[in-house]
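A.B. asks: I'd like to ask some things about the structure below.
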Amino acid sequence: MRAFIFPGQGSQAVGMGVELGGASAVARAVFEEVDDALGQKLSRIMAEGPADALTLTENAQPAIMANAIAILRVLEGEGGIRLADKAEYVAGHSLGEYSALCAAQAFDLATTARLLKLRGQAMQAAVPVGEGAMAALLGVEFDAAKAICADAALGEVCEAANDNGGGQVVISGSAAAVERAMALSKERGVKRAVPLPVSAPFHCALMQPAADAMADALAKATVRAPLVPVYANVTAAPVADPDEIRRLLVAQVTGTVRWRESVEAMWAAGVTDFVELGAKVLGPMVKRIAPDATITSVVTMADVEALAAQL
């Protein structure tokens, strides 16, 4: 069994999509449709930068999605592959869940782009710059990281944001609380605590204003039943009902990205092959969680052609 998986924020890079767009009219059509949906030349920022413009949350999120969907569309349009024929599930890390839903046709491309633009803007606006922080704890299990967060909070917000597996847990919250958690983690034998260069504290209670904004937007958006079930970040379980998809995407803004449990659940369901579209970020995570899994990362046109031949 196979799952297609989609990367999250941080996987963007200036030049993304250039080679693919140069080789394929199908890919160019994806980038143009996203540009039209957003009313901006996002494709130019993806191609030329500057890097700080691409890194802006409101640009990075739709850009990462557009790149992944362009790869999928080329695979489908030029490789003769249908997602529903070749994958039993899809999943994505944080914003990647939107890419997964678009890939499975729960959202159309334009809707996905607009939702991610709004999501990025709302997440950035939820907390004044400097008041929140995130850090990666390395060499710690999830329950131990949660306990560190609880003890460091002292009335402020400090929560486990991403359970990435392989002993990596990202924490998020008020800047002072995250700093206390980093200090406490060293006392409790955590191998490393690394502050992350992010502009907002994602996936914690401080994001509630962004969750409210997404609730309004998703209530108005057309959501169809996906072609294949999507593993939701906040439940680590497959979802196919449109109303439940809406509810879980709202919860995802403030909730933990349960990536380790999602991969474990897919493996337990019989998934042995994981295909990552658009980056080489999730593959290593999956390998740490399910060492016997087969990982394929698809970034270039050559990768697309190789996967098409393999499938």
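As shown in the structure tokens, the chain order sets the letters A, B, ...; within each chain, residues go from 1, and ligands are also counted from 1 in the order they appear.
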Identify, on the basis of only C-alpha atoms, every residue whose closest approach to Thr111 in chain A does not exceed 9 Å; exclude the query and any residue fewer than 3 positions from it along the same chain; express the result as a list in words.

C.D. replies: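 Contacts, with the query itself left out: Ala37, Cys102, Phe107, Asp108, Arg114, Leu115, Leu116, Ala221 and Thr222 of chain A.
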
A.B. asks: Enumerate, as a ChimeraX atom specification, the complete set of residues in range 63-143 of chain A that a backbone-based DSSP assignment places in helix (DSSP H, G or I).

C.D. replies: /A:63-77,83-86,96-103,109-126,142-143

A.B. asks: Smallest atom-to-atom distance to Leu109 in chain A: which of A:Ala13, A:Ala145, A:Ala63, A:Met134, using only C-alpha atoms?

C.D. replies: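 Among the listed residues, the smallest separation from Leu109 in chain A belongs to A:Ala63.
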
A.B. asks: Using only C-alpha atoms, tabulate the residues of range 123-212 of chain A lying at most 12 Å from any atom of range 227-233 of chain A, each with its closest atom pair and that distance in Å to one decimal, by chain and increasing residue number, as JSON lines.

C.D. replies:
{"residue": "A:Ala161", "atom": "CA", "partner": "A:Asn233", "partner_atom": "CA", "distance": 10.8}
{"residue": "A:Asn162", "atom": "CA", "partner": "A:Asn233", "partner_atom": "CA", "distance": 9.4}
{"residue": "A:Asp163", "atom": "CA", "partner": "A:Asn233", "partner_atom": "CA", "distance": 10.0}
{"residue": "A:Asn164", "atom": "CA", "partner": "A:Asn233", "partner_atom": "CA", "distance": 11.1}
{"residue": "A:His203", "atom": "CA", "partner": "A:Asn233", "partner_atom": "CA", "distance": 10.7}

A.B. asks: Looking at only C-alpha atoms, which of A:Asn67, A:Gln61, A:Thr55, A:Ser99 is the one that sits closest to Gly21 in chain A?

C.D. replies: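 Nearest to Gly21 in chain A: A:Asn67.
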
A.B. asks: Take CA of Ala268 in chain A and CA of Pro291 in chain A and report the distance between them in Å, one decimal.

C.D. replies: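 These two atoms are separated by 13.1 Å.
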
A.B. asks: Near range 307-309 of chain A, counting only C-alpha atoms, which residues have an atom at most 9 Å away, once you skip same-chain residues fewer than 3 positions from it, shown as a PyMOL selection string?

C.D. replies: chain A and resi 75-76+78-81+296+298+302-304

A.B. asks: Pick out the closest residue to Val127 in chain A from this set: A:Ser174, A:Thr57, A:Thr235, A:Ser185. Count only C-alpha atoms.

C.D. replies: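 Once distances to Val127 in chain A are computed over only C-alpha atoms, the minimum belongs to A:Ser174.
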
A.B. asks: Looking at A:Ser297, A:Ser11, A:Asn59, A:Gln252, which one is nearest to Tyr98 in chain A, with distances taken over only C-alpha atoms?

C.D. replies: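 The closest residue to Tyr98 in chain A is A:Gln252.
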
A.B. asks: I'd like the contact shell of Leu20 in chain A - 7 Å cut-off, only C-alpha atoms, skipping same-chain residues fewer than 3 positions apart - returned as a PyMOL selection string.

C.D. replies: chain A and resi 17+23-24+27+300-301

A.B. asks: Now that the selection is made, can you save its residues with C-alpha atoms as a PDB file, in the first residue's frame?

C.D. replies:
ATOM      1  CA  GLY A  17       9.206  25.033  -9.440  1.00  0.00           C
ATOM      2  CA  ALA A  23       9.772  21.495 -18.727  1.00  0.00           C
ATOM      3  CA  SER A  24       6.001  21.218 -18.457  1.00  0.00           C
ATOM      4  CA  ALA A  27       3.137  22.711 -14.202  1.00  0.00           C
ATOM      5  CA  THR A 300      12.617  17.382 -10.186  1.00  0.00           C
ATOM      6  CA  MET A 301      11.263  16.446 -13.604  1.00  0.00           C
TER       7      MET A 301
END

A.B. asks: Rank nothing, just name the residue among A:Ile289, A:Ala133, A:Ala25, A:Ala237 nearest to Ala200 in chain A, using only C-alpha atoms.

C.D. replies: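 Distance minimum relative to Ala200 in chain A lands on A:Ala133.
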
A.B. asks: Excluding same-chain residues fewer than 5 positions from range 192-199 of chain A, what lies within 6 Å of it counting only C-alpha atoms, as a ChimeraX atom specification?

C.D. replies: /A:134-138,182

A.B. asks: Find the residues of range 26-116 of chain A that sit at most 9 Å from range 277-288 of chain A; for each, write down the nearest two atoms and how far apart they are in Å, to one decimal. Count only C-alpha atoms. Sort by chain, then by number going up, and give it as a Markdown table.

C.D. replies:
| residue | atom | partner | partner_atom | distance |
| --- | --- | --- | --- | --- |
| A:Ile64 | CA | A:Gly278 | CA | 7.4 |
| A:Met65 | CA | A:Gly278 | CA | 8.4 |
| A:Asn67 | CA | A:Gly278 | CA | 6.0 |
| A:Ala68 | CA | A:Gly278 | CA | 4.6 |
| A:Ile69 | CA | A:Leu277 | CA | 8.0 |
| A:Ala70 | CA | A:Gly278 | CA | 8.8 |
| A:Ile71 | CA | A:Leu277 | CA | 6.7 |
| A:Leu72 | CA | A:Leu277 | CA | 7.2 |
| A:Gly92 | CA | A:Leu282 | CA | 8.9 |
| A:His93 | CA | A:Leu282 | CA | 8.1 |

A.B. asks: Residues of range 59-293 of chain A in strand (DSSP E) according to DSSP, as an MDAnalysis selection string?

C.D. replies: chainID A and resid 89:92 132:138 158:165 168:174 192:195 230:232 237:239 273:277

A.B. asks: Please produce an output containing N, CA and C atoms for each residue in the selection, written as a tab-separated table (two decimals), in the first residue's frame.

C.D. replies:
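Generated file (selection.tsv):
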chain	number	residue	atom	x	y	z
A	89	TYR	N	-3.90	6.37	0.67
A	89	TYR	CA	-4.07	7.50	1.58
A	89	TYR	C	-3.21	8.67	1.13
A	90	VAL	N	-3.55	9.86	1.63
A	90	VAL	CA	-2.67	11.01	1.54
A	90	VAL	C	-2.56	11.63	2.93
A	91	ALA	N	-1.48	12.36	3.15
A	91	ALA	CA	-1.28	13.06	4.42
A	91	ALA	C	-0.30	14.20	4.19
A	92	GLY	N	-0.36	15.20	5.06
A	92	GLY	CA	0.57	16.31	4.95
A	92	GLY	C	0.90	16.86	6.32
A	132	GLY	N	5.99	35.49	20.81
A	132	GLY	CA	5.91	34.03	20.77
A	132	GLY	C	7.22	33.45	20.28
A	133	ALA	N	7.38	32.14	20.47
A	133	ALA	CA	8.60	31.47	20.02
A	133	ALA	C	8.31	29.99	19.83
A	134	MET	N	9.23	29.33	19.11
A	134	MET	CA	9.19	27.88	18.94
A	134	MET	C	10.61	27.35	19.11
A	135	ALA	N	10.70	26.10	19.53
A	135	ALA	CA	12.01	25.46	19.68
A	135	ALA	C	11.86	23.97	19.40
A	136	ALA	N	12.93	23.38	18.89
A	136	ALA	CA	12.96	21.94	18.66
A	136	ALA	C	13.71	21.27	19.79
A	137	LEU	N	13.07	20.29	20.41
A	137	LEU	CA	13.73	19.47	21.43
A	137	LEU	C	14.15	18.17	20.76
A	138	LEU	N	15.43	17.85	20.84
A	138	LEU	CA	15.98	16.68	20.16
A	138	LEU	C	16.44	15.66	21.18
A	158	CYS	N	2.70	27.21	26.76
A	158	CYS	CA	3.86	26.43	26.30
A	158	CYS	C	3.34	25.03	26.00
A	159	GLU	N	3.36	24.65	24.74
A	159	GLU	CA	2.73	23.39	24.32
A	159	GLU	C	3.59	22.66	23.30
A	160	ALA	N	3.36	21.36	23.21
A	160	ALA	CA	4.01	20.56	22.17
A	160	ALA	C	3.27	20.79	20.85
A	161	ALA	N	3.97	21.34	19.87
A	161	ALA	CA	3.34	21.73	18.62
A	161	ALA	C	3.43	20.65	17.55
A	162	ASN	N	4.60	20.04	17.41
A	162	ASN	CA	4.81	19.01	16.39
A	162	ASN	C	5.48	17.80	17.02
A	163	ASP	N	4.86	16.64	16.88
A	163	ASP	CA	5.48	15.38	17.29
A	163	ASP	C	6.01	14.75	16.01
A	164	ASN	N	7.30	15.03	15.72
A	164	ASN	CA	7.85	14.63	14.42
A	164	ASN	C	8.44	13.24	14.41
A	165	GLY	N	8.55	12.60	15.57
A	165	GLY	CA	9.09	11.26	15.63
A	165	GLY	C	10.61	11.27	15.70
A	168	GLN	N	12.19	13.84	18.10
A	168	GLN	CA	12.13	15.28	17.82
A	168	GLN	C	10.72	15.81	18.10
A	169	VAL	N	10.63	16.74	19.03
A	169	VAL	CA	9.36	17.39	19.35
A	169	VAL	C	9.57	18.90	19.29
A	170	VAL	N	8.73	19.59	18.54
A	170	VAL	CA	8.78	21.05	18.46
A	170	VAL	C	7.79	21.61	19.46
A	171	ILE	N	8.24	22.59	20.24
A	171	ILE	CA	7.36	23.22	21.22
A	171	ILE	C	7.08	24.66	20.81
A	172	SER	N	5.97	25.21	21.32
A	172	SER	CA	5.52	26.52	20.87
A	172	SER	C	4.80	27.22	22.01
A	173	GLY	N	4.88	28.57	22.00
A	173	GLY	CA	4.15	29.32	23.01
A	173	GLY	C	4.71	30.69	23.24
A	174	SER	N	4.45	31.23	24.42
A	174	SER	CA	4.98	32.53	24.81
A	174	SER	C	6.50	32.46	24.85
A	192	ARG	N	19.36	18.11	22.94
A	192	ARG	CA	19.53	19.49	22.47
A	192	ARG	C	18.20	20.21	22.47
A	193	ALA	N	18.26	21.53	22.67
A	193	ALA	CA	17.09	22.39	22.56
A	193	ALA	C	17.48	23.54	21.63
A	194	VAL	N	16.84	23.62	20.48
A	194	VAL	CA	17.26	24.55	19.44
A	194	VAL	C	16.14	25.55	19.15
A	195	PRO	N	16.36	26.85	19.37
A	195	PRO	CA	15.33	27.83	19.00
A	195	PRO	C	15.14	27.85	17.49
A	230	VAL	N	-7.78	11.09	3.95
A	230	VAL	CA	-6.67	11.95	4.34
A	230	VAL	C	-6.40	11.74	5.84
A	231	TYR	N	-5.15	11.46	6.19
A	231	TYR	CA	-4.81	11.37	7.61
A	231	TYR	C	-4.72	12.78	8.18
A	232	ALA	N	-5.55	13.07	9.17
A	232	ALA	CA	-5.61	14.40	9.76
A	232	ALA	C	-4.53	14.57	10.83
A	237	ALA	N	-5.64	10.04	12.23
A	237	ALA	CA	-6.58	9.04	11.72
A	237	ALA	C	-7.15	9.54	10.39
A	238	PRO	N	-7.60	8.62	9.52
A	238	PRO	CA	-8.12	9.04	8.23
A	238	PRO	C	-9.48	9.71	8.36
A	239	VAL	N	-9.70	10.70	7.50
A	239	VAL	CA	-10.97	11.42	7.47
A	239	VAL	C	-11.41	11.57	6.02
A	273	ASP	N	4.89	2.08	1.34
A	273	ASP	CA	5.55	3.01	0.42
A	273	ASP	C	5.03	4.43	0.65
A	274	PHE	N	5.97	5.35	0.91
A	274	PHE	CA	5.62	6.76	1.13
A	274	PHE	C	6.27	7.59	0.03
A	275	VAL	N	5.44	8.37	-0.68
A	275	VAL	CA	5.93	9.22	-1.76
A	275	VAL	C	5.75	10.67	-1.35
A	276	GLU	N	6.86	11.40	-1.18
A	276	GLU	CA	6.80	12.81	-0.79
A	276	GLU	C	6.91	13.68	-2.03
A	277	LEU	N	5.96	14.57	-2.20
A	277	LEU	CA	5.94	15.45	-3.36
A	277	LEU	C	6.38	16.86	-2.98

A.B. asks: What does the structure give for the distance between CA of Arg258 in chain A and CA of Ala176 in chain A, in Å to one decimal?

C.D. replies: 24.6 Å
